[in-house]
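The next block is structure_6.csv, given as CSV, C-alpha atoms and all ligand atoms.
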chain,number,residue,atom,x,y,z
A,1,MET,CA,36.2,-36.7,-59.3
A,2,LYS,CA,38.6,-33.7,-58.8
A,3,SER,CA,38.2,-32.2,-55.3
A,4,LEU,CA,36.6,-28.8,-55.5
A,5,LEU,CA,39.1,-27.5,-52.9
A,6,PRO,CA,42.9,-27.9,-52.8
A,7,SER,CA,43.5,-30.6,-50.1
A,8,ARG,CA,45.5,-28.3,-47.8
A,9,VAL,CA,42.7,-25.7,-47.7
A,10,PHE,CA,40.2,-28.4,-47.0
A,11,LEU,CA,42.3,-29.8,-44.1
A,12,THR,CA,42.8,-26.3,-42.6
A,13,LEU,CA,39.0,-25.6,-42.7
A,14,ALA,CA,38.2,-29.0,-41.2
A,15,GLY,CA,40.8,-28.3,-38.4
A,16,VAL,CA,39.3,-24.9,-37.6
A,17,LEU,CA,35.8,-26.4,-37.6
A,18,THR,CA,36.8,-29.2,-35.2
A,19,LEU,CA,38.6,-26.8,-32.9
A,20,ALA,CA,35.5,-24.5,-32.8
A,21,LEU,CA,33.3,-27.5,-31.9
A,22,LEU,CA,35.6,-28.7,-29.2
A,23,THR,CA,36.2,-25.2,-27.6
A,24,PRO,CA,33.5,-24.6,-24.9
A,25,VAL,CA,31.8,-21.3,-25.5
A,26,ALA,CA,32.6,-19.1,-22.5
A,27,ALA,CA,29.5,-19.9,-20.4
A,28,GLN,CA,27.5,-16.8,-19.6
A,29,PRO,CA,27.5,-16.6,-15.8
A,30,PRO,CA,23.9,-17.6,-14.7
A,31,LYS,CA,21.9,-14.5,-14.0
A,32,LYS,CA,21.7,-14.1,-10.2
A,33,THR,CA,18.2,-14.4,-8.8
A,34,ILE,CA,17.3,-11.3,-6.8
A,35,LYS,CA,16.1,-12.2,-3.3
A,36,VAL,CA,13.7,-9.7,-1.7
A,37,GLY,CA,12.3,-9.9,1.9
A,38,PHE,CA,8.8,-8.4,2.3
A,39,ALA,CA,7.4,-7.8,5.8
A,40,GLN,CA,3.7,-7.2,5.2
A,41,THR,CA,1.4,-5.8,7.9
A,42,GLY,CA,-1.2,-8.6,7.8
A,43,ALA,CA,-4.5,-9.1,6.0
A,44,GLU,CA,-6.8,-6.6,7.7
A,45,SER,CA,-8.5,-5.2,4.7
A,46,ALA,CA,-9.4,-5.7,1.0
A,47,TRP,CA,-6.8,-3.0,0.3
A,48,ARG,CA,-4.1,-5.0,2.0
A,49,THR,CA,-5.1,-8.2,0.1
A,50,ALA,CA,-4.8,-6.3,-3.2
A,51,ASN,CA,-1.4,-4.9,-2.0
A,52,THR,CA,-0.1,-8.4,-1.2
A,53,VAL,CA,-1.4,-9.8,-4.6
A,54,SER,CA,0.4,-7.0,-6.4
A,55,MET,CA,3.7,-7.6,-4.6
A,56,LYS,CA,3.6,-11.4,-5.1
A,57,SER,CA,2.4,-11.5,-8.7
A,58,GLU,CA,4.9,-8.9,-9.9
A,59,ALA,CA,7.8,-10.7,-8.1
A,60,GLU,CA,6.7,-14.0,-9.9
A,61,LYS,CA,6.5,-12.2,-13.3
A,62,ARG,CA,10.0,-10.8,-12.8
A,63,GLY,CA,11.6,-14.0,-11.5
A,64,ILE,CA,12.3,-12.4,-8.1
A,65,ASP,CA,12.7,-14.8,-5.2
A,66,LEU,CA,10.2,-13.1,-2.7
A,67,LYS,CA,10.4,-14.1,1.0
A,68,PHE,CA,7.0,-13.0,2.2
A,69,SER,CA,6.0,-12.6,5.9
A,70,ASP,CA,2.5,-11.7,7.1
A,71,ALA,CA,2.9,-10.1,10.6
A,72,GLN,CA,-0.8,-10.5,11.5
A,73,GLY,CA,-1.0,-6.9,12.6
A,74,LYS,CA,1.9,-7.2,15.1
A,75,GLN,CA,5.0,-5.0,14.9
A,76,GLU,CA,7.1,-7.5,16.8
A,77,ASN,CA,6.3,-10.1,14.1
A,78,GLN,CA,7.4,-7.6,11.4
A,79,ILE,CA,10.7,-6.9,13.3
A,80,ARG,CA,11.3,-10.6,13.7
A,81,ALA,CA,10.8,-11.1,9.9
A,82,VAL,CA,13.3,-8.3,9.1
A,83,ARG,CA,15.9,-10.0,11.3
A,84,SER,CA,15.2,-13.3,9.5
A,85,PHE,CA,15.7,-11.6,6.1
A,86,ILE,CA,19.0,-10.2,7.3
A,87,THR,CA,20.1,-13.7,8.4
A,88,GLN,CA,19.0,-15.1,5.0
A,89,GLY,CA,21.1,-12.4,3.3
A,90,VAL,CA,18.4,-11.1,1.0
A,91,ASP,CA,19.4,-8.4,-1.5
A,92,VAL,CA,16.7,-5.8,-0.5
A,93,ILE,CA,14.2,-5.6,2.4
A,94,VAL,CA,10.7,-4.1,1.9
A,95,ILE,CA,8.6,-3.1,4.9
A,96,ALA,CA,5.0,-1.9,5.2
A,97,PRO,CA,5.4,-0.6,8.8
A,98,ILE,CA,2.3,-1.3,10.8
A,99,VAL,CA,3.0,1.7,13.1
A,100,GLU,CA,5.3,4.7,12.8
A,101,THR,CA,7.6,4.3,15.8
A,102,GLY,CA,10.1,1.7,17.1
A,103,TRP,CA,12.0,0.9,13.8
A,104,ASP,CA,15.5,2.4,14.3
A,105,PRO,CA,17.2,-0.6,16.1
A,106,VAL,CA,16.3,-3.2,13.4
A,107,LEU,CA,16.9,-0.8,10.6
A,108,ARG,CA,20.4,-0.2,12.0
A,109,GLU,CA,21.0,-3.9,11.9
A,110,ALA,CA,19.9,-4.0,8.2
A,111,LYS,CA,22.3,-1.0,7.6
A,112,ARG,CA,25.2,-2.9,9.3
A,113,ALA,CA,24.4,-5.9,7.0
A,114,LYS,CA,24.5,-3.5,4.0
A,115,ILE,CA,21.0,-4.5,3.0
A,116,PRO,CA,19.0,-1.6,1.6
A,117,VAL,CA,15.4,-1.1,3.0
A,118,ILE,CA,12.5,0.2,1.0
A,119,LEU,CA,9.5,1.5,3.1
A,120,THR,CA,6.3,0.9,1.2
A,121,ASP,CA,2.7,2.0,1.9
A,122,ARG,CA,3.3,3.5,5.4
A,123,THR,CA,6.0,5.8,6.7
A,124,ILE,CA,7.9,5.8,10.0
A,125,GLN,CA,9.1,8.4,12.5
A,126,THR,CA,12.9,8.4,12.7
A,127,ALA,CA,15.6,11.0,13.3
A,128,ASP,CA,17.9,9.1,10.9
A,129,GLU,CA,16.5,9.0,7.4
A,130,SER,CA,19.7,7.2,6.2
A,131,LEU,CA,18.2,4.0,7.8
A,132,PHE,CA,16.0,3.5,4.7
A,133,ALA,CA,16.6,4.0,1.0
A,134,CYS,CA,13.2,5.4,0.1
A,135,PHE,CA,9.5,5.5,0.7
A,136,ILE,CA,6.9,4.5,-1.9
A,137,GLY,CA,3.3,5.1,-1.1
A,138,SER,CA,0.4,7.6,-0.9
A,139,ASP,CA,0.2,11.0,0.7
A,140,PHE,CA,-2.2,10.2,3.6
A,141,TYR,CA,-2.4,13.9,4.7
A,142,GLU,CA,-3.6,14.8,1.1
A,143,GLU,CA,-6.1,12.0,1.2
A,144,GLY,CA,-7.6,13.4,4.4
A,145,ARG,CA,-7.7,16.9,3.0
A,146,LEU,CA,-9.4,15.7,-0.2
A,147,ALA,CA,-12.0,13.9,1.9
A,148,ALA,CA,-12.7,16.9,4.0
A,149,ASP,CA,-12.9,19.3,1.0
A,150,TRP,CA,-15.3,17.1,-0.8
A,151,LEU,CA,-17.5,16.8,2.4
A,152,ALA,CA,-17.5,20.6,3.0
A,153,LYS,CA,-18.9,21.2,-0.5
A,154,PHE,CA,-21.4,18.3,-0.3
A,155,SER,CA,-22.7,19.2,3.2
A,156,GLY,CA,-22.7,23.0,2.7
A,157,GLY,CA,-20.2,23.0,5.7
A,158,LYS,CA,-22.7,21.8,8.2
A,159,GLY,CA,-23.2,18.5,10.2
A,160,ASN,CA,-22.2,16.3,13.1
A,161,ILE,CA,-19.4,13.9,12.2
A,162,VAL,CA,-18.4,10.6,13.7
A,163,GLU,CA,-14.9,9.3,12.7
A,164,LEU,CA,-13.8,5.7,12.2
A,165,GLN,CA,-10.0,5.7,12.8
A,166,GLY,CA,-7.5,3.2,11.3
A,167,THR,CA,-5.0,1.2,13.2
A,168,ALA,CA,-3.8,3.1,16.3
A,169,GLY,CA,-0.3,4.5,15.8
A,170,SER,CA,-0.2,3.9,12.0
A,171,ALA,CA,0.8,6.6,9.6
A,172,PRO,CA,-2.4,6.5,7.6
A,173,ALA,CA,-4.6,6.8,10.8
A,174,ASN,CA,-2.4,9.7,12.2
A,175,GLU,CA,-2.2,11.7,9.0
A,176,ARG,CA,-5.8,11.1,7.7
A,177,ARG,CA,-7.1,12.2,11.1
A,178,LYS,CA,-4.9,15.3,11.3
A,179,ALA,CA,-5.6,16.4,7.8
A,180,PHE,CA,-9.4,16.0,8.1
A,181,GLY,CA,-9.4,17.8,11.5
A,182,ASP,CA,-7.3,20.7,10.1
A,183,ALA,CA,-9.6,21.1,7.1
A,184,VAL,CA,-12.9,20.7,9.0
A,185,ALA,CA,-11.8,23.3,11.6
A,186,LYS,CA,-12.3,25.9,8.8
A,187,TYR,CA,-16.1,25.2,8.9
A,188,PRO,CA,-17.8,26.2,12.2
A,189,GLY,CA,-20.9,24.2,11.1
A,190,LEU,CA,-18.9,20.9,10.8
A,191,LYS,CA,-18.3,19.2,14.2
A,192,ILE,CA,-16.5,15.9,15.0
A,193,ILE,CA,-18.7,14.6,17.8
A,194,ASP,CA,-16.9,11.3,18.3
A,195,SER,CA,-13.9,9.4,17.0
A,196,GLN,CA,-12.7,5.8,17.6
A,197,SER,CA,-10.5,3.1,16.0
A,198,GLY,CA,-12.0,0.3,14.1
A,199,ASP,CA,-8.4,-0.9,13.2
A,200,PHE,CA,-9.1,-0.7,9.4
A,201,ARG,CA,-11.3,-3.8,9.7
A,202,ARG,CA,-14.9,-4.2,8.4
A,203,SER,CA,-15.9,-5.8,11.7
A,204,GLY,CA,-14.3,-2.9,13.6
A,205,GLY,CA,-16.2,-0.3,11.5
A,206,LYS,CA,-19.5,-2.1,12.2
A,207,GLU,CA,-19.0,-2.5,15.9
A,208,VAL,CA,-17.8,1.1,16.4
A,209,MET,CA,-20.7,2.5,14.3
A,210,GLU,CA,-23.2,0.4,16.3
A,211,ALA,CA,-21.8,2.0,19.5
A,212,PHE,CA,-22.0,5.5,17.9
A,213,ILE,CA,-25.6,5.0,16.9
A,214,LYS,CA,-26.5,3.8,20.4
A,215,LYS,CA,-24.8,6.9,21.9
A,216,HIS,CA,-25.7,9.6,19.5
A,217,GLY,CA,-28.7,8.3,17.5
A,218,LYS,CA,-30.1,10.7,14.9
A,219,ALA,CA,-27.6,13.4,15.9
A,220,ILE,CA,-25.2,11.7,13.5
A,221,ASN,CA,-25.2,13.3,10.1
A,222,ILE,CA,-21.8,12.2,8.6
A,223,VAL,CA,-19.4,9.3,8.9
A,224,TYR,CA,-15.7,9.9,8.0
A,225,SER,CA,-13.9,6.6,7.8
A,226,HIS,CA,-10.1,6.2,7.4
A,227,ASN,CA,-10.7,3.2,5.0
A,228,ASP,CA,-13.5,1.6,2.9
A,229,ASP,CA,-13.6,-1.6,4.9
A,230,MET,CA,-14.7,0.2,8.0
A,231,ALA,CA,-17.1,2.3,6.0
A,232,LEU,CA,-18.7,-0.8,4.6
A,233,GLY,CA,-19.0,-2.2,8.1
A,234,ALA,CA,-20.7,1.1,9.1
A,235,VAL,CA,-23.1,0.8,6.2
A,236,GLN,CA,-24.3,-2.6,7.6
A,237,ALA,CA,-24.7,-1.0,11.1
A,238,ILE,CA,-26.7,1.9,9.7
A,239,GLU,CA,-29.0,-0.4,7.7
A,240,GLU,CA,-29.5,-2.6,10.8
A,241,ALA,CA,-30.6,0.5,12.7
A,242,GLY,CA,-33.3,1.1,10.1
A,243,LEU,CA,-31.5,4.1,8.5
A,244,LYS,CA,-30.5,4.7,4.9
A,245,PRO,CA,-26.6,5.0,4.5
A,246,GLY,CA,-25.7,7.7,1.9
A,247,LYS,CA,-29.0,9.4,2.5
A,248,ASP,CA,-29.9,9.7,6.2
A,249,ILE,CA,-26.1,9.6,7.0
A,250,THR,CA,-23.5,10.9,4.6
A,251,ILE,CA,-20.4,8.6,4.3
A,252,VAL,CA,-16.9,9.6,3.2
A,253,ALA,CA,-14.1,7.1,3.1
A,254,ILE,CA,-10.6,6.4,1.7
A,255,ASP,CA,-9.0,3.6,-0.4
A,256,ALA,CA,-11.4,3.3,-3.4
A,257,ILE,CA,-11.6,-0.5,-3.4
A,258,LYS,CA,-14.0,-1.8,-6.0
A,259,GLU,CA,-16.7,-2.8,-3.5
A,260,ALA,CA,-16.7,0.8,-2.2
A,261,ILE,CA,-17.0,2.3,-5.6
A,262,GLU,CA,-19.9,0.0,-6.3
A,263,ALA,CA,-21.5,1.3,-3.0
A,264,VAL,CA,-20.9,4.8,-4.2
A,265,ALA,CA,-22.6,4.0,-7.5
A,266,ALA,CA,-25.5,2.5,-5.5
A,267,GLY,CA,-25.7,5.6,-3.3
A,268,LYS,CA,-24.8,3.9,0.0
A,269,ILE,CA,-21.4,5.6,0.3
A,270,ASN,CA,-21.1,9.2,-0.9
A,271,CYS,CA,-17.4,9.5,-1.6
A,272,THR,CA,-14.2,7.5,-1.5
A,273,VAL,CA,-10.7,8.9,-2.0
A,274,GLU,CA,-8.3,6.5,-3.9
A,275,CYS,CA,-5.1,5.1,-2.2
A,276,SER,CA,-3.7,2.7,-4.7
A,277,PRO,CA,-2.3,-0.6,-3.3
A,278,LEU,CA,-0.8,-1.7,-6.6
A,279,PHE,CA,2.9,-1.0,-5.6
A,280,GLY,CA,4.5,-4.2,-7.1
A,281,PRO,CA,5.9,-2.7,-10.3
A,282,LYS,CA,7.2,0.5,-8.8
A,283,VAL,CA,8.8,-1.4,-5.8
A,284,TYR,CA,10.7,-3.9,-8.0
A,285,ASP,CA,11.8,-1.1,-10.5
A,286,THR,CA,13.2,0.6,-7.4
A,287,VAL,CA,14.9,-2.7,-6.2
A,288,ALA,CA,16.6,-3.0,-9.6
A,289,LYS,CA,17.8,0.6,-9.5
A,290,LEU,CA,19.2,0.2,-5.9
A,291,LEU,CA,21.0,-3.0,-6.9
A,292,ALA,CA,22.5,-1.2,-9.9
A,293,GLY,CA,23.9,1.4,-7.6
A,294,GLN,CA,21.5,4.1,-8.9
A,295,THR,CA,20.1,6.8,-6.5
A,296,VAL,CA,16.3,6.8,-6.2
A,297,PRO,CA,13.9,9.6,-4.9
A,298,LYS,CA,13.6,9.5,-1.1
A,299,LYS,CA,9.9,9.7,-1.3
A,300,ALA,CA,7.7,8.6,-4.3
A,301,TYR,CA,3.9,9.3,-4.0
A,302,ASN,CA,1.2,7.6,-5.9
A,303,LYS,CA,-1.5,9.7,-7.6
A,304,ASP,CA,-4.9,9.5,-5.9
A,305,GLU,CA,-8.3,10.2,-7.4
A,306,VAL,CA,-11.7,11.1,-5.8
A,307,PHE,CA,-14.8,9.0,-6.6
A,308,ASP,CA,-18.4,10.1,-6.0
A,309,ALA,CA,-21.8,9.8,-7.7
A,310,LYS,CA,-20.5,11.7,-10.7
A,311,ASN,CA,-17.7,9.3,-11.7
A,312,ALA,CA,-18.1,6.0,-9.8
A,313,ALA,CA,-20.2,4.0,-12.3
A,314,ALA,CA,-17.9,4.9,-15.2
A,315,ALA,CA,-14.8,4.0,-13.2
A,316,LEU,CA,-15.9,0.4,-12.3
A,317,PRO,CA,-15.0,-1.5,-15.4
A,318,SER,CA,-11.4,-0.5,-15.2
A,319,ARG,CA,-10.8,-0.9,-11.5
A,320,GLN,CA,-8.1,-3.5,-10.7
A,321,TYR,CA,-8.7,-3.9,-6.9
B,401,LIG,C1,-2.9,2.8,3.3
B,401,LIG,C2,-2.9,1.5,4.0
B,401,LIG,C3,-4.2,1.3,4.8
B,401,LIG,C4,-5.4,1.3,4.0
B,401,LIG,C5,-6.2,0.3,4.8
B,401,LIG,O1,-1.8,3.0,2.5
B,401,LIG,O2,-1.8,1.5,4.9
B,401,LIG,O3,-4.1,0.1,5.5
B,401,LIG,O4,-6.1,2.5,3.9
B,401,LIG,C6,-5.1,-0.8,5.0
B,401,LIG,O5,-7.3,-0.3,4.1
B,401,LIG,O6,-5.6,-1.7,6.0

Using C-alpha cells, write down the structure that the file contains.
Ligand code: GZL
Amino acid sequence: MKSLLPSRVFLTLAGVLTLALLTPVAAQPPKKTIKVGFAQTGAESAWRTANTVSMKSEAEKRGIDLKFSDAQGKQENQIRAVRSFITQGVDVIVIAPIVETGWDPVLREAKRAKIPVILTDRTIQTADESLFACFIGSDFYEEGRLAADWLAKFSGGKGNIVELQGTAGSAPANERRKAFGDAVAKYPGLKIIDSQSGDFRRSGGKEVMEAFIKKHGKAINIVYSHNDDMALGAVQAIEEAGLKPGKDITIVAIDAIKEAIEAVAAGKINCTVECSPLFGPKVYDTVAKLLAGQTVPKKAYNKDEVFDAKNAAAALPSRQY
C-alpha cells in the first residue's frame, strides 16, 4: 500500500516527535512554601480560641507552614517564640502582643534579620514604628466608647458602675478603660464605684464580681466588663447572690462571642460590642502583599457592631465564633 506521506516528511516528523519526547520540559520551580511564625497570647478566653482557630485553619487552607506558639499569658514566652522564629528563618512573624510595652529589643532583632513583623489583635507602645510592618485589629477605644454610649442611653445616665478590667497592661484593657471613663465623665449621674482586673478570664470575672457584691451589695447597678468571658463569670456570681443579671444589674461587655449574644437574647446580658477575632484571611492576604514587596496600610481596623435585645436573636444563626 502506497505510504500516505513521502518518506522524508514522515522521517522528519518522527524525528521531531522523538526529540520532543526526549527533551525534559523545563521543570517549573516548585512553589516555595511560605513560613509564618505566630506568637499567640494564650488561651484565656473564647475570643482567643476563635482567633487561634481562624489563624490555623486559614493557614492550612492556603498551604502556609504556620509555626504556632501559645505563650500561656506570659510576654517572656512570646519574646522567646519570636527569637525562635528568627532562628528558623520564617518569612513573616505575626504577634498578638500580650502587653503594650517591652517589644523594641526583639523587634530590632527581627528587623536586623530582615523578617517583617505584623502586629495582630493588640497594639504596642514604641517610639519606632518602623519596627513593625502593620497592625491588624480592632479599635479598642471605639469599642469602649460604643459601650458607654449604649449604657448612657439605656440607663438614662444614672447608676453605680463596677468595672471588670482585662489583662493588666494590655492595649484592650488600657483603651477600653480610658474610652469608657472619658465617655461616662460626661454623665454626672453615672459613677464608677470600683474597678479591678479579671484578666479576661471567666473565672476572674466571677471572683472579682463576688468580691464587688460582698463589698458594695445592692449599691451596684451596672457591670462594665472588658470582655464577654468575664461578663459571663459575673452573671454566675450575680445569680449565686440571688439577684437577676440583666434586670437587677445591667451588664455591658465587649467581644460579641456567640455565648454572650445568646445571653443578651435571654436577657442576662444587656449589650455586647463586637470585636471580631476572625483575622486569618486578612493577616495572610497581608503576608502575601509584604512578600510581594507591596506596601500595606500601617493600621487596618475591623468593623465592630453593637448587639442588644433589639438585634441579638436575629444575629445568632450567622455568628461564626
Ligand atoms: C481583643 C482581645 C481581647 C478580647 C479578650 O482584641 O485582645 O483578648 O477582648 C481576649 O476576650 O482575651

With all atoms listed in the file counted, collect every polymer residue having an atom within 8 Å of ligand LIG 401 (chain B); state the result as an mmCIF file with C-alpha atoms, in the coordinates of the input.
data_model
loop_
_atom_site.group_PDB
_atom_site.id
_atom_site.type_symbol
_atom_site.label_atom_id
_atom_site.label_comp_id
_atom_site.auth_asym_id
_atom_site.auth_seq_id
_atom_site.Cartn_x
_atom_site.Cartn_y
_atom_site.Cartn_z
ATOM 1 C CA ALA A 43 -4.500 -9.100 6.000
ATOM 2 C CA GLU A 44 -6.800 -6.600 7.700
ATOM 3 C CA SER A 45 -8.500 -5.200 4.700
ATOM 4 C CA ALA A 46 -9.400 -5.700 1.000
ATOM 5 C CA TRP A 47 -6.800 -3.000 0.300
ATOM 6 C CA ARG A 48 -4.100 -5.000 2.000
ATOM 7 C CA ALA A 96 5.000 -1.900 5.200
ATOM 8 C CA ILE A 98 2.300 -1.300 10.800
ATOM 9 C CA ASP A 121 2.700 2.000 1.900
ATOM 10 C CA ARG A 122 3.300 3.500 5.400
ATOM 11 C CA GLY A 137 3.300 5.100 -1.100
ATOM 12 C CA SER A 138 0.400 7.600 -0.900
ATOM 13 C CA PHE A 140 -2.200 10.200 3.600
ATOM 14 C CA GLY A 166 -7.500 3.200 11.300
ATOM 15 C CA THR A 167 -5.000 1.200 13.200
ATOM 16 C CA SER A 170 -0.200 3.900 12.000
ATOM 17 C CA ALA A 171 0.800 6.600 9.600
ATOM 18 C CA PRO A 172 -2.400 6.500 7.600
ATOM 19 C CA ASP A 199 -8.400 -0.900 13.200
ATOM 20 C CA PHE A 200 -9.100 -0.700 9.400
ATOM 21 C CA ARG A 201 -11.300 -3.800 9.700
ATOM 22 C CA HIS A 226 -10.100 6.200 7.400
ATOM 23 C CA ASN A 227 -10.700 3.200 5.000
ATOM 24 C CA ASP A 228 -13.500 1.600 2.900
ATOM 25 C CA ASP A 229 -13.600 -1.600 4.900
ATOM 26 C CA ILE A 254 -10.600 6.400 1.700
ATOM 27 C CA ASP A 255 -9.000 3.600 -0.400
ATOM 28 C CA CYS A 275 -5.100 5.100 -2.200
ATOM 29 C CA SER A 276 -3.700 2.700 -4.700
ATOM 30 C CA PRO A 277 -2.300 -0.600 -3.300
#

For Ala300 of chain A, which residue out of A:Leu243, A:Ile136, A:Val82, A:Cys271 is the nearest one, using only C-alpha atoms?
->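 Comparing A:Leu243, A:Ile136, A:Val82, A:Cys271 against Ala300 of chain A, the winner is A:Ile136.
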
Using all atoms of segment 265-274 of chain A listed in the file and a margin of 5 Å per side, can you give the axis-aligned box centre and edge lengths in Å to one decimal, as lines of an AutoDock Vina configuration file?
center_x = -17.0
center_y = 6.0
center_z = -3.6
size_x = 27.4
size_y = 17.0
size_z = 17.8

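For Glu58 of chain A, the non-local neighbours within 7 Å, defined as residues at least 4 positions apart in the same chain or in other chains and counting only C-alpha atoms, are Ser54, Arg62, Gly280 and Pro281 of chain A.
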
Closest of A:Thr52, A:Gln40, A:Asn311, A:Ser84 to Ala71 of chain A - atom-to-atom distances counting all atoms listed in the file =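 For Ala71 of chain A, the nearest of the candidates is A:Gln40.
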